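Chemist: You'll find my_file.cif just under this line, and it carries mmCIF, C-alpha atoms.
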```cif
data_run
#
loop_
_atom_site.group_PDB
_atom_site.id
_atom_site.type_symbol
_atom_site.label_atom_id
_atom_site.label_comp_id
_atom_site.auth_asym_id
_atom_site.auth_seq_id
_atom_site.Cartn_x
_atom_site.Cartn_y
_atom_site.Cartn_z
ATOM 1 C CA MET A 1 175.566 -124.823 150.714
ATOM 2 C CA LEU A 2 171.972 -125.717 149.808
ATOM 3 C CA THR A 3 171.900 -123.638 146.629
ATOM 4 C CA ARG A 4 173.891 -126.300 144.792
ATOM 5 C CA PHE A 5 171.496 -129.094 145.848
ATOM 6 C CA HIS A 6 168.798 -130.678 143.693
ATOM 7 C CA PRO A 7 165.425 -129.109 144.689
ATOM 8 C CA THR A 8 164.179 -132.298 146.369
ATOM 9 C CA LYS A 9 167.441 -132.794 148.222
ATOM 10 C CA ARG A 10 167.266 -129.183 149.369
ATOM 11 C CA LEU A 11 163.654 -129.626 150.511
ATOM 12 C CA LEU A 12 164.523 -132.714 152.565
ATOM 13 C CA THR A 13 167.529 -131.004 154.113
ATOM 14 C CA GLU A 14 165.565 -127.858 154.981
ATOM 15 C CA THR A 15 162.894 -130.019 156.596
ATOM 16 C CA VAL A 16 165.424 -131.671 158.889
ATOM 17 C CA VAL A 17 167.123 -128.335 159.565
ATOM 18 C CA ALA A 18 163.785 -127.079 160.910
ATOM 19 C CA LEU A 19 163.249 -130.225 162.977
ATOM 20 C CA LEU A 20 166.693 -129.868 164.555
ATOM 21 C CA ALA A 21 165.574 -126.573 166.077
ATOM 22 C CA THR A 22 163.496 -128.516 168.594
ATOM 23 C CA LYS A 23 164.760 -132.109 168.397
ATOM 24 C CA LYS A 24 167.955 -134.034 168.915
ATOM 25 C CA PRO A 25 169.383 -135.724 165.804
ATOM 26 C CA SER A 26 168.566 -139.158 167.255
ATOM 27 C CA GLU A 27 164.903 -138.193 167.708
ATOM 28 C CA ILE A 28 164.215 -137.508 164.024
ATOM 29 C CA LEU A 29 162.301 -140.250 162.218
ATOM 30 C CA ALA A 30 162.085 -140.949 158.488
ATOM 31 C CA ASP A 31 158.281 -140.923 158.460
ATOM 32 C CA GLU A 32 158.272 -137.522 160.149
ATOM 33 C CA VAL A 33 160.650 -136.102 157.553
ATOM 34 C CA LEU A 34 158.576 -137.477 154.683
ATOM 35 C CA GLU A 35 155.324 -136.186 156.150
ATOM 36 C CA ASN A 36 156.686 -132.696 156.810
ATOM 37 C CA SER A 37 158.440 -132.386 153.445
ATOM 38 C CA GLY A 38 155.871 -134.091 151.244
ATOM 39 C CA ALA A 39 158.676 -135.996 149.532
ATOM 40 C CA SER A 40 158.503 -139.715 148.764
ATOM 41 C CA LYS A 41 160.595 -142.379 150.453
ATOM 42 C CA GLY A 42 162.108 -143.209 147.067
ATOM 43 C CA SER A 43 163.233 -139.603 146.623
ATOM 44 C CA MET A 44 164.824 -139.516 150.053
ATOM 45 C CA TYR A 45 166.852 -142.652 149.445
ATOM 46 C CA HIS A 46 167.757 -141.474 145.960
ATOM 47 C CA HIS A 47 169.472 -138.379 147.333
ATOM 48 C CA PHE A 48 170.756 -139.826 150.622
ATOM 49 C CA GLU A 49 172.272 -143.181 151.457
ATOM 50 C CA ASP A 50 170.158 -143.381 154.603
ATOM 51 C CA LEU A 51 168.289 -141.183 157.081
ATOM 52 C CA GLN A 52 171.482 -140.666 159.055
ATOM 53 C CA GLU A 53 173.211 -139.043 156.072
ATOM 54 C CA LEU A 54 170.265 -136.662 155.693
ATOM 55 C CA VAL A 55 170.439 -135.729 159.374
ATOM 56 C CA GLU A 56 174.208 -135.256 159.129
ATOM 57 C CA THR A 57 173.794 -132.975 156.121
ATOM 58 C CA ALA A 58 171.238 -130.889 158.021
ATOM 59 C CA GLN A 59 173.569 -130.663 161.036
ATOM 60 C CA ILE A 60 176.396 -129.473 158.801
ATOM 61 C CA TYR A 61 174.094 -126.914 157.215
ATOM 62 C CA ARG A 62 173.078 -125.524 160.606
ATOM 63 C CA TYR A 63 176.779 -125.296 161.453
ATOM 64 C CA SER A 64 177.497 -123.597 158.126
ATOM 65 C CA GLN A 65 174.902 -120.915 158.860
ATOM 66 C CA TRP A 66 177.081 -119.762 161.772
ATOM 67 C CA ILE A 67 180.072 -119.822 159.422
ATOM 68 C CA ASP A 68 178.307 -117.700 156.807
ATOM 69 C CA VAL A 69 177.310 -115.076 159.388
ATOM 70 C CA SER A 70 180.865 -114.982 160.734
ATOM 71 C CA ILE A 71 182.381 -114.564 157.265
ATOM 72 C CA GLU A 72 179.927 -111.785 156.438
ATOM 73 C CA PHE A 73 180.817 -109.902 159.624
ATOM 74 C CA LEU A 74 184.564 -110.355 159.115
ATOM 75 C CA THR A 75 184.314 -109.127 155.529
ATOM 76 C CA ASN A 76 182.057 -106.145 156.234
ATOM 77 C CA TYR A 77 183.632 -104.904 159.457
ATOM 78 C CA VAL A 78 186.984 -106.380 160.443
ATOM 79 C CA ALA A 79 188.487 -106.370 156.937
ATOM 80 C CA LYS A 80 187.311 -102.790 156.316
ATOM 81 C CA ALA A 81 188.810 -101.335 159.502
ATOM 82 C CA ARG A 82 191.194 -98.494 158.683
ATOM 83 C CA THR A 83 192.418 -97.584 162.146
ATOM 84 C CA GLN A 84 193.204 -99.427 165.343
ATOM 85 C CA ASP A 85 190.116 -97.952 166.972
ATOM 86 C CA GLU A 86 187.895 -99.228 164.148
ATOM 87 C CA LEU A 87 189.524 -102.643 164.350
ATOM 88 C CA ARG A 88 189.192 -102.767 168.132
ATOM 89 C CA ASN A 89 185.515 -101.837 167.866
ATOM 90 C CA ALA A 90 184.866 -104.504 165.211
ATOM 91 C CA LEU A 91 186.602 -107.175 167.295
ATOM 92 C CA ARG A 92 184.631 -106.100 170.357
ATOM 93 C CA ILE A 93 181.314 -106.429 168.499
ATOM 94 C CA LEU A 94 182.350 -109.817 167.092
ATOM 95 C CA THR A 95 183.266 -111.019 170.570
ATOM 96 C CA GLU A 96 180.062 -109.745 172.153
ATOM 97 C CA GLN A 97 177.907 -111.355 169.470
ATOM 98 C CA THR A 98 179.601 -114.764 169.495
ATOM 99 C CA GLN A 99 180.139 -114.951 173.258
ATOM 100 C CA ALA A 100 176.712 -113.782 174.419
ATOM 101 C CA ASP A 101 175.112 -115.921 177.104
ATOM 102 C CA SER A 102 172.079 -116.164 174.809
ATOM 103 C CA ARG A 103 174.238 -118.132 172.344
ATOM 104 C CA LYS A 104 174.636 -121.009 174.796
ATOM 105 C CA SER A 105 172.398 -123.408 172.882
ATOM 106 C CA ALA A 106 174.096 -122.570 169.577
ATOM 107 C CA ARG A 107 177.507 -123.334 171.077
ATOM 108 C CA ALA A 108 176.190 -126.638 172.425
ATOM 109 C CA GLU A 109 174.775 -127.570 169.030
ATOM 110 C CA ARG A 110 178.063 -126.777 167.301
ATOM 111 C CA ALA A 111 179.941 -128.907 169.828
ATOM 112 C CA GLN A 112 177.467 -131.732 169.289
ATOM 113 C CA ALA A 113 177.977 -131.577 165.521
ATOM 114 C CA LEU A 114 181.761 -131.641 165.881
ATOM 115 C CA ALA A 115 181.595 -134.564 168.312
ATOM 116 C CA ALA A 116 179.395 -136.505 165.888
ATOM 117 C CA CYS A 117 182.257 -136.412 163.364
ATOM 118 C CA LEU A 118 184.644 -138.283 165.651
ATOM 119 C CA GLN A 119 183.818 -141.773 164.415
ATOM 120 C CA ASN A 120 181.953 -140.772 161.286
ATOM 121 C CA PRO A 121 184.265 -140.235 158.280
ATOM 122 C CA ARG A 122 181.349 -139.277 156.040
ATOM 123 C CA MET A 123 180.219 -136.443 158.289
ATOM 124 C CA ALA A 124 183.812 -135.479 159.104
ATOM 125 C CA LYS A 125 184.452 -134.897 155.402
ATOM 126 C CA GLN A 126 181.525 -132.480 155.147
ATOM 127 C CA MET A 127 182.509 -130.741 158.379
ATOM 128 C CA GLY A 128 186.093 -130.467 157.197
ATOM 129 C CA ALA A 129 185.020 -128.591 154.078
ATOM 130 C CA GLU A 130 183.001 -126.086 156.127
ATOM 131 C CA THR A 131 185.643 -125.455 158.790
ATOM 132 C CA GLN A 132 188.247 -125.085 156.036
ATOM 133 C CA ARG A 133 186.045 -122.461 154.411
ATOM 134 C CA LEU A 134 185.886 -120.428 157.620
ATOM 135 C CA THR A 135 189.585 -120.892 158.358
ATOM 136 C CA ASP A 136 190.488 -119.636 154.888
ATOM 137 C CA ALA A 137 188.131 -116.659 155.203
ATOM 138 C CA ILE A 138 189.547 -115.608 158.591
ATOM 139 C CA ALA A 139 193.108 -116.115 157.367
ATOM 140 C CA ASP A 140 192.403 -113.931 154.313
ATOM 141 C CA VAL A 141 190.961 -111.170 156.499
ATOM 142 C CA THR A 142 193.948 -111.468 158.840
ATOM 143 C CA GLU A 143 196.324 -110.926 155.929
ATOM 144 C CA GLU A 144 194.369 -107.838 154.860
ATOM 145 C CA VAL A 145 194.535 -106.394 158.369
ATOM 146 C CA LYS A 146 198.247 -107.226 158.627
ATOM 147 C CA ASN A 147 198.888 -105.428 155.334
ATOM 148 C CA LYS A 148 197.327 -102.303 156.855
ATOM 149 C CA GLY A 149 199.694 -102.551 159.807
ATOM 150 C CA LEU A 150 196.869 -103.122 162.301
ATOM 151 C CA PHE A 151 197.853 -106.698 163.191
ATOM 152 C CA ARG A 152 201.383 -107.660 164.106
ATOM 153 C CA SER A 153 203.352 -108.803 161.063
ATOM 154 C CA ASP A 154 204.464 -112.017 162.775
ATOM 155 C CA VAL A 155 200.914 -113.264 163.427
ATOM 156 C CA ASN A 156 200.309 -116.699 161.900
ATOM 157 C CA SER A 157 197.090 -116.156 159.969
ATOM 158 C CA LYS A 158 195.953 -119.769 160.003
ATOM 159 C CA ALA A 159 196.757 -120.149 163.711
ATOM 160 C CA LEU A 160 194.752 -117.009 164.483
ATOM 161 C CA ALA A 161 191.849 -118.325 162.387
ATOM 162 C CA THR A 162 191.896 -121.546 164.389
ATOM 163 C CA PHE A 163 192.128 -119.639 167.678
ATOM 164 C CA ILE A 164 189.087 -117.507 166.852
ATOM 165 C CA GLN A 165 186.997 -120.578 166.037
ATOM 166 C CA ALA A 166 188.206 -122.306 169.192
ATOM 167 C CA TYR A 167 187.452 -119.488 171.626
ATOM 168 C CA THR A 168 184.028 -118.770 170.148
ATOM 169 C CA LEU A 169 183.151 -122.389 170.880
ATOM 170 C CA GLY A 170 185.212 -122.773 174.041
ATOM 171 C CA LYS A 171 182.980 -120.620 176.198
ATOM 172 C CA LEU A 172 180.806 -123.736 176.357
ATOM 173 C CA VAL A 173 182.946 -124.736 179.361
ATOM 174 C CA ASN A 174 181.786 -121.605 181.176
ATOM 175 C CA ASP A 175 178.162 -122.035 180.070
ATOM 176 C CA TYR A 176 177.735 -124.995 182.404
ATOM 177 C CA ASN A 177 179.706 -123.626 185.339
ATOM 178 C CA PRO A 178 177.242 -122.216 187.921
ATOM 179 C CA THR A 179 179.962 -119.929 189.313
ATOM 180 C CA GLY A 180 181.585 -119.126 185.972
ATOM 181 C CA VAL A 181 182.993 -115.889 184.623
ATOM 182 C CA ALA A 182 180.484 -113.115 183.907
ATOM 183 C CA GLU A 183 179.822 -112.307 180.246
ATOM 184 C CA GLY A 184 181.413 -108.855 180.416
ATOM 185 C CA GLU A 185 184.495 -110.138 182.228
ATOM 186 C CA TRP A 186 184.957 -112.859 179.624
ATOM 187 C CA ASN A 187 184.638 -110.383 176.750
ATOM 188 C CA ASP A 188 187.166 -108.057 178.395
ATOM 189 C CA PHE A 189 189.563 -110.986 178.796
ATOM 190 C CA ILE A 190 189.275 -111.904 175.103
ATOM 191 C CA MET A 191 189.811 -108.290 174.053
ATOM 192 C CA ASN A 192 192.874 -108.093 176.258
ATOM 193 C CA ILE A 193 194.298 -111.136 174.469
ATOM 194 C CA ALA A 194 193.557 -109.486 171.119
ATOM 195 C CA GLU A 195 195.242 -106.231 172.039
ATOM 196 C CA GLN A 196 198.261 -107.793 173.717
ATOM 197 C CA THR A 197 198.841 -110.716 171.361
ATOM 198 C CA PHE A 198 197.974 -109.955 167.756
ATOM 199 C CA MET A 199 197.017 -106.292 167.391
ATOM 200 C CA ALA A 200 199.918 -104.083 166.396
ATOM 201 C CA PRO A 201 201.114 -101.660 169.086
ATOM 202 C CA PRO A 202 199.947 -98.062 168.675
ATOM 203 C CA ALA A 203 202.102 -96.056 166.311
ATOM 204 C CA LYS A 204 204.446 -93.691 168.104
ATOM 205 C CA GLY A 205 204.319 -90.098 167.258
#
```
Before anything else, please render the file you have as structure tokens.

Modeler:
Amino acid sequence: MLTRFHPTKRLLTETVVALLATKKPSEILADEVLENSGASKGSMYHHFEDLQELVETAQIYRYSQWIDVSIEFLTNYVAKARTQDELRNALRILTEQTQADSRKSARAERAQALAACLQNPRMAKQMGAETQRLTDAIADVTEEVKNKGLFRSDVNSKALATFIQAYTLGKLVNDYNPTGVAEGEWNDFIMNIAEQTFMAPPAKG
């Protein structure tokens, strides 16, 4: 995402990306961004309409980092599975990595970024491009796996792509439940859905 930016625009965005690791979007100030980046106020307002657009762009970038990691894993492991056991193992690793209790703050940040788009068409447009990119990548991998006979042929690739994004975020509900489902139980539940709903049944013979 940032590789196509002008160097100064990239510098400003990276500065806010770093600040978002410890601050809420509403806590970031223009003077702080300029001091940390070394950029001028004129440069900031040349590349961004206002501070809010810069913060939004940084939020989208942080969201896109999760997308890039997910696409890399899907391409290198799920898409390359040759047997049902390899596919099951890849899906298990994907589930364990995205659903780990340690990912609680990342899930909360993603939810916060999505919520910020609700009444913000400018940010929603950027978010739409990123979620479309992940949806397309998952759908492409799904088609590859279907062609190998490892996913059921009637699986809707785009619906599955949306489901995967939804459940990786949806554990946020459990994150704030003091008597919620244990991590291992949740992962087993997701794997059961995978095996019963979209993985092809074992070949007879």

Chemist: Give the answer as one residue: which of A:Gly184, A:Ala200, A:Ala129, A:Cys117 has the shortest atom-to-atom distance to A:Arg92, using all atoms listed in the file?

Modeler: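 That would be A:Gly184, the residue with the smallest distance to A:Arg92.
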
Chemist: Could you expand the PyMOL selection byres ((chain A and resi 77-84) around 9) into the explicit residues it covers here, written as a compact mmCIF listing (two decimals) with C-alpha atoms, keeping the file's coordinate frame?

Modeler:
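Result file is result-v6.txt:
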```txt
# COMPACT_ATOMS: atom_id res chain seq x y z
CA GLU A 72 179.93 -111.78 156.44
CA PHE A 73 180.82 -109.90 159.62
CA LEU A 74 184.56 -110.36 159.12
CA THR A 75 184.31 -109.13 155.53
CA ASN A 76 182.06 -106.14 156.23
CA ASP A 85 190.12 -97.95 166.97
CA GLU A 86 187.90 -99.23 164.15
CA LEU A 87 189.52 -102.64 164.35
CA ARG A 88 189.19 -102.77 168.13
CA ASN A 89 185.52 -101.84 167.87
CA ALA A 90 184.87 -104.50 165.21
CA LEU A 91 186.60 -107.18 167.30
CA LEU A 94 182.35 -109.82 167.09
CA ASP A 140 192.40 -113.93 154.31
CA VAL A 141 190.96 -111.17 156.50
CA THR A 142 193.95 -111.47 158.84
CA GLU A 144 194.37 -107.84 154.86
CA VAL A 145 194.54 -106.39 158.37
CA LYS A 148 197.33 -102.30 156.85
CA LEU A 150 196.87 -103.12 162.30
CA PHE A 151 197.85 -106.70 163.19
CA MET A 199 197.02 -106.29 167.39
CA ALA A 200 199.92 -104.08 166.40
CA PRO A 202 199.95 -98.06 168.68
```

Chemist: Between atom CA of A:Asp31 and atom CA of A:Gln52, what is the spacing in Å?

Modeler: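 Interatomic distance, atom CA of A:Gln52 to atom CA of A:Asp31: 13.2 Å.
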
Chemist: Do you know which residues are at most 9 Å from A:Thr8 counting all atoms listed in the file, after dropping those on the same chain fewer than 6 positions away, and could you put them as a list of chain:residue names?

Modeler: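 In the requested form, the answer reads A:Ala39, A:Ser43, A:Met44, A:His47.
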
Chemist: Go ahead and fit an axis-aligned box to every listed atom of stretch 116-119 of chain A plus 3 Å each side, and pass me the centre and edge lengths in Å, one decimal, as JSON.

Modeler:
```
{"center_x": 182.0, "center_y": -139.1, "center_z": 164.6, "size_x": 11.2, "size_y": 11.4, "size_z": 8.5}
```

Chemist: Using only C-alpha atoms, find the one residue out of A:Gln196, A:Lys23, A:Thr168, A:Ser153 that sits nearest to A:Glu96.

Modeler: A:Thr168

Chemist: When you draw a straight line from atom CA of A:Ala116 to atom CA of A:Thr22, how long is it in Å?

Modeler: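 These atoms are spaced 18.0 Å apart.
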
Chemist: If the PyMOL selection byres ((chain A and resi 121-128) around 10) were run on this exact file, what residues would it hold? Put them as a list of chain:residue names.

Modeler: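 In the shown coordinates, the PyMOL selection byres ((chain A and resi 121-128) around 10) covers A:Gln52, A:Glu53, A:Val55, A:Glu56, A:Thr57, A:Gln59, A:Ile60, A:Tyr61, A:Tyr63, A:Ser64, A:Ala113, A:Leu114, A:Ala115, A:Ala116, A:Cys117, A:Leu118, A:Gln119, A:Asn120, A:Ala129, A:Glu130, A:Thr131, A:Gln132, A:Arg133.
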
Chemist: Given the choices A:Ala30, A:Val181, A:Val155, A:Ala137, which gets closest to A:Phe48 if the distance is worked out from all atoms listed in the file?

Modeler: A:Ala30

Chemist: Could you please determine the separation between atom CA of A:Thr95 and atom CA of A:Ser157 in Å, to one decimal place?

Modeler: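 Taking atom CA of A:Thr95 and atom CA of A:Ser157, their separation equals 18.2 Å.
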
Chemist: Let me know the residues the PyMOL selection byres ((chain A and resi 174-177) around 10) catches in the file above, as a PDB file with C-alpha atoms, in the frame of the given file.

Modeler:
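Printed below is part.pdb as written:
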```pdb
ATOM      1  CA  ASP A 101     175.112-115.921 177.104  1.00  0.00           C
ATOM      2  CA  SER A 102     172.079-116.164 174.809  1.00  0.00           C
ATOM      3  CA  ARG A 103     174.238-118.132 172.344  1.00  0.00           C
ATOM      4  CA  LYS A 104     174.636-121.009 174.796  1.00  0.00           C
ATOM      5  CA  SER A 105     172.398-123.408 172.882  1.00  0.00           C
ATOM      6  CA  ARG A 107     177.507-123.334 171.077  1.00  0.00           C
ATOM      7  CA  ALA A 108     176.190-126.638 172.425  1.00  0.00           C
ATOM      8  CA  GLY A 170     185.212-122.773 174.041  1.00  0.00           C
ATOM      9  CA  LYS A 171     182.980-120.620 176.198  1.00  0.00           C
ATOM     10  CA  LEU A 172     180.806-123.736 176.357  1.00  0.00           C
ATOM     11  CA  VAL A 173     182.946-124.736 179.361  1.00  0.00           C
ATOM     12  CA  PRO A 178     177.242-122.216 187.921  1.00  0.00           C
ATOM     13  CA  THR A 179     179.962-119.929 189.313  1.00  0.00           C
ATOM     14  CA  GLY A 180     181.585-119.126 185.972  1.00  0.00           C
ATOM     15  CA  VAL A 181     182.993-115.889 184.623  1.00  0.00           C
ATOM     16  CA  ALA A 182     180.484-113.115 183.907  1.00  0.00           C
ATOM     17  CA  GLU A 183     179.822-112.307 180.246  1.00  0.00           C
ATOM     18  CA  TRP A 186     184.957-112.859 179.624  1.00  0.00           C
TER      19      TRP A 186
END
```

Chemist: Counting all atoms listed in the file, select every polymer residue within 8 Å of (158.4, -132.6, 147.5) as defined in the file's coordinates, and provide the selection as a PyMOL selection string.

Modeler: chain A and resi 8+11-12+37-40

Chemist: Which is closest to A:Asp154 among A:Ala111, A:Phe198, A:Asp50, A:Asn192, if we use all atoms listed in the file?

Modeler: A:Phe198

Chemist: Looking at A:Gln65, A:Thr15, A:Asn187, A:Gln165, which one is nearest to A:Ile93, with distances taken over all atoms listed in the file?

Modeler: A:Asn187

Chemist: Got a minute to add N, CA, C and O atoms to stretch 92-116 of chain A and dump it as a JSON list (two decimals), keeping the file's coordinate frame?

Modeler:
```json
[["chain", "number", "residue", "atom", "x", "y", "z"],
["A", 92, "ARG", "N", 185.48, -106.12, 169.16],
["A", 92, "ARG", "CA", 184.63, -106.10, 170.36],
["A", 92, "ARG", "C", 183.20, -106.56, 170.01],
["A", 92, "ARG", "O", 182.62, -107.37, 170.72],
["A", 93, "ILE", "N", 182.67, -106.04, 168.91],
["A", 93, "ILE", "CA", 181.31, -106.43, 168.50],
["A", 93, "ILE", "C", 181.27, -107.91, 168.16],
["A", 93, "ILE", "O", 180.35, -108.64, 168.55],
["A", 94, "LEU", "N", 182.28, -108.39, 167.44],
["A", 94, "LEU", "CA", 182.35, -109.82, 167.09],
["A", 94, "LEU", "C", 182.37, -110.68, 168.35],
["A", 94, "LEU", "O", 181.65, -111.68, 168.44],
["A", 95, "THR", "N", 183.17, -110.27, 169.32],
["A", 95, "THR", "CA", 183.27, -111.02, 170.57],
["A", 95, "THR", "C", 181.94, -111.01, 171.31],
["A", 95, "THR", "O", 181.46, -112.05, 171.78],
["A", 96, "GLU", "N", 181.33, -109.85, 171.42],
["A", 96, "GLU", "CA", 180.06, -109.74, 172.15],
["A", 96, "GLU", "C", 178.96, -110.58, 171.50],
["A", 96, "GLU", "O", 178.14, -111.20, 172.19],
["A", 97, "GLN", "N", 178.95, -110.61, 170.17],
["A", 97, "GLN", "CA", 177.91, -111.36, 169.47],
["A", 97, "GLN", "C", 178.11, -112.86, 169.60],
["A", 97, "GLN", "O", 177.16, -113.60, 169.82],
["A", 98, "THR", "N", 179.35, -113.32, 169.46],
["A", 98, "THR", "CA", 179.60, -114.76, 169.50],
["A", 98, "THR", "C", 179.65, -115.31, 170.91],
["A", 98, "THR", "O", 179.39, -116.51, 171.11],
["A", 99, "GLN", "N", 179.97, -114.47, 171.89],
["A", 99, "GLN", "CA", 180.14, -114.95, 173.26],
["A", 99, "GLN", "C", 178.93, -114.68, 174.16],
["A", 99, "GLN", "O", 178.97, -114.99, 175.35],
["A", 100, "ALA", "N", 177.88, -114.11, 173.61],
["A", 100, "ALA", "CA", 176.71, -113.78, 174.42],
["A", 100, "ALA", "C", 176.16, -115.01, 175.13],
["A", 100, "ALA", "O", 176.15, -116.12, 174.58],
["A", 101, "ASP", "N", 175.71, -114.82, 176.35],
["A", 101, "ASP", "CA", 175.11, -115.92, 177.10],
["A", 101, "ASP", "C", 173.92, -116.52, 176.34],
["A", 101, "ASP", "O", 173.66, -117.72, 176.45],
["A", 102, "SER", "N", 173.25, -115.70, 175.57],
["A", 102, "SER", "CA", 172.08, -116.16, 174.81],
["A", 102, "SER", "C", 172.46, -117.14, 173.69],
["A", 102, "SER", "O", 171.60, -117.81, 173.12],
["A", 103, "ARG", "N", 173.77, -117.23, 173.39],
["A", 103, "ARG", "CA", 174.24, -118.13, 172.34],
["A", 103, "ARG", "C", 174.61, -119.50, 172.90],
["A", 103, "ARG", "O", 175.20, -120.33, 172.20],
["A", 104, "LYS", "N", 174.27, -119.75, 174.14],
["A", 104, "LYS", "CA", 174.64, -121.01, 174.80],
["A", 104, "LYS", "C", 174.17, -122.22, 174.01],
["A", 104, "LYS", "O", 174.95, -123.16, 173.77],
["A", 105, "SER", "N", 172.93, -122.25, 173.59],
["A", 105, "SER", "CA", 172.40, -123.41, 172.88],
["A", 105, "SER", "C", 173.07, -123.59, 171.53],
["A", 105, "SER", "O", 173.30, -124.73, 171.09],
["A", 106, "ALA", "N", 173.41, -122.48, 170.87],
["A", 106, "ALA", "CA", 174.10, -122.57, 169.58],
["A", 106, "ALA", "C", 175.49, -123.16, 169.75],
["A", 106, "ALA", "O", 175.93, -123.98, 168.92],
["A", 107, "ARG", "N", 176.18, -122.76, 170.82],
["A", 107, "ARG", "CA", 177.51, -123.33, 171.08],
["A", 107, "ARG", "C", 177.39, -124.83, 171.35],
["A", 107, "ARG", "O", 178.21, -125.63, 170.87],
["A", 108, "ALA", "N", 176.38, -125.22, 172.11],
["A", 108, "ALA", "CA", 176.19, -126.64, 172.42],
["A", 108, "ALA", "C", 175.90, -127.44, 171.17],
["A", 108, "ALA", "O", 176.40, -128.55, 170.99],
["A", 109, "GLU", "N", 175.10, -126.86, 170.28],
["A", 109, "GLU", "CA", 174.78, -127.57, 169.03],
["A", 109, "GLU", "C", 176.01, -127.72, 168.15],
["A", 109, "GLU", "O", 176.22, -128.77, 167.53],
["A", 110, "ARG", "N", 176.83, -126.68, 168.08],
["A", 110, "ARG", "CA", 178.06, -126.78, 167.30],
["A", 110, "ARG", "C", 178.99, -127.85, 167.87],
["A", 110, "ARG", "O", 179.59, -128.63, 167.12],
["A", 111, "ALA", "N", 179.10, -127.90, 169.19],
["A", 111, "ALA", "CA", 179.94, -128.91, 169.83],
["A", 111, "ALA", "C", 179.41, -130.31, 169.54],
["A", 111, "ALA", "O", 180.18, -131.25, 169.30],
["A", 112, "GLN", "N", 178.10, -130.45, 169.57],
["A", 112, "GLN", "CA", 177.47, -131.73, 169.29],
["A", 112, "GLN", "C", 177.76, -132.18, 167.86],
["A", 112, "GLN", "O", 178.07, -133.35, 167.61],
["A", 113, "ALA", "N", 177.70, -131.25, 166.92],
["A", 113, "ALA", "CA", 177.98, -131.58, 165.52],
["A", 113, "ALA", "C", 179.43, -131.99, 165.33],
["A", 113, "ALA", "O", 179.73, -132.95, 164.61],
["A", 114, "LEU", "N", 180.34, -131.29, 165.97],
["A", 114, "LEU", "CA", 181.76, -131.64, 165.88],
["A", 114, "LEU", "C", 182.02, -133.01, 166.49],
["A", 114, "LEU", "O", 182.76, -133.83, 165.93],
["A", 115, "ALA", "N", 181.40, -133.28, 167.64],
["A", 115, "ALA", "CA", 181.60, -134.56, 168.31],
["A", 115, "ALA", "C", 181.06, -135.71, 167.46],
["A", 115, "ALA", "O", 181.64, -136.81, 167.47],
["A", 116, "ALA", "N", 179.99, -135.46, 166.72],
["A", 116, "ALA", "CA", 179.40, -136.50, 165.89],
["A", 116, "ALA", "C", 180.33, -136.93, 164.76],
["A", 116, "ALA", "O", 180.17, -138.02, 164.20]]
```
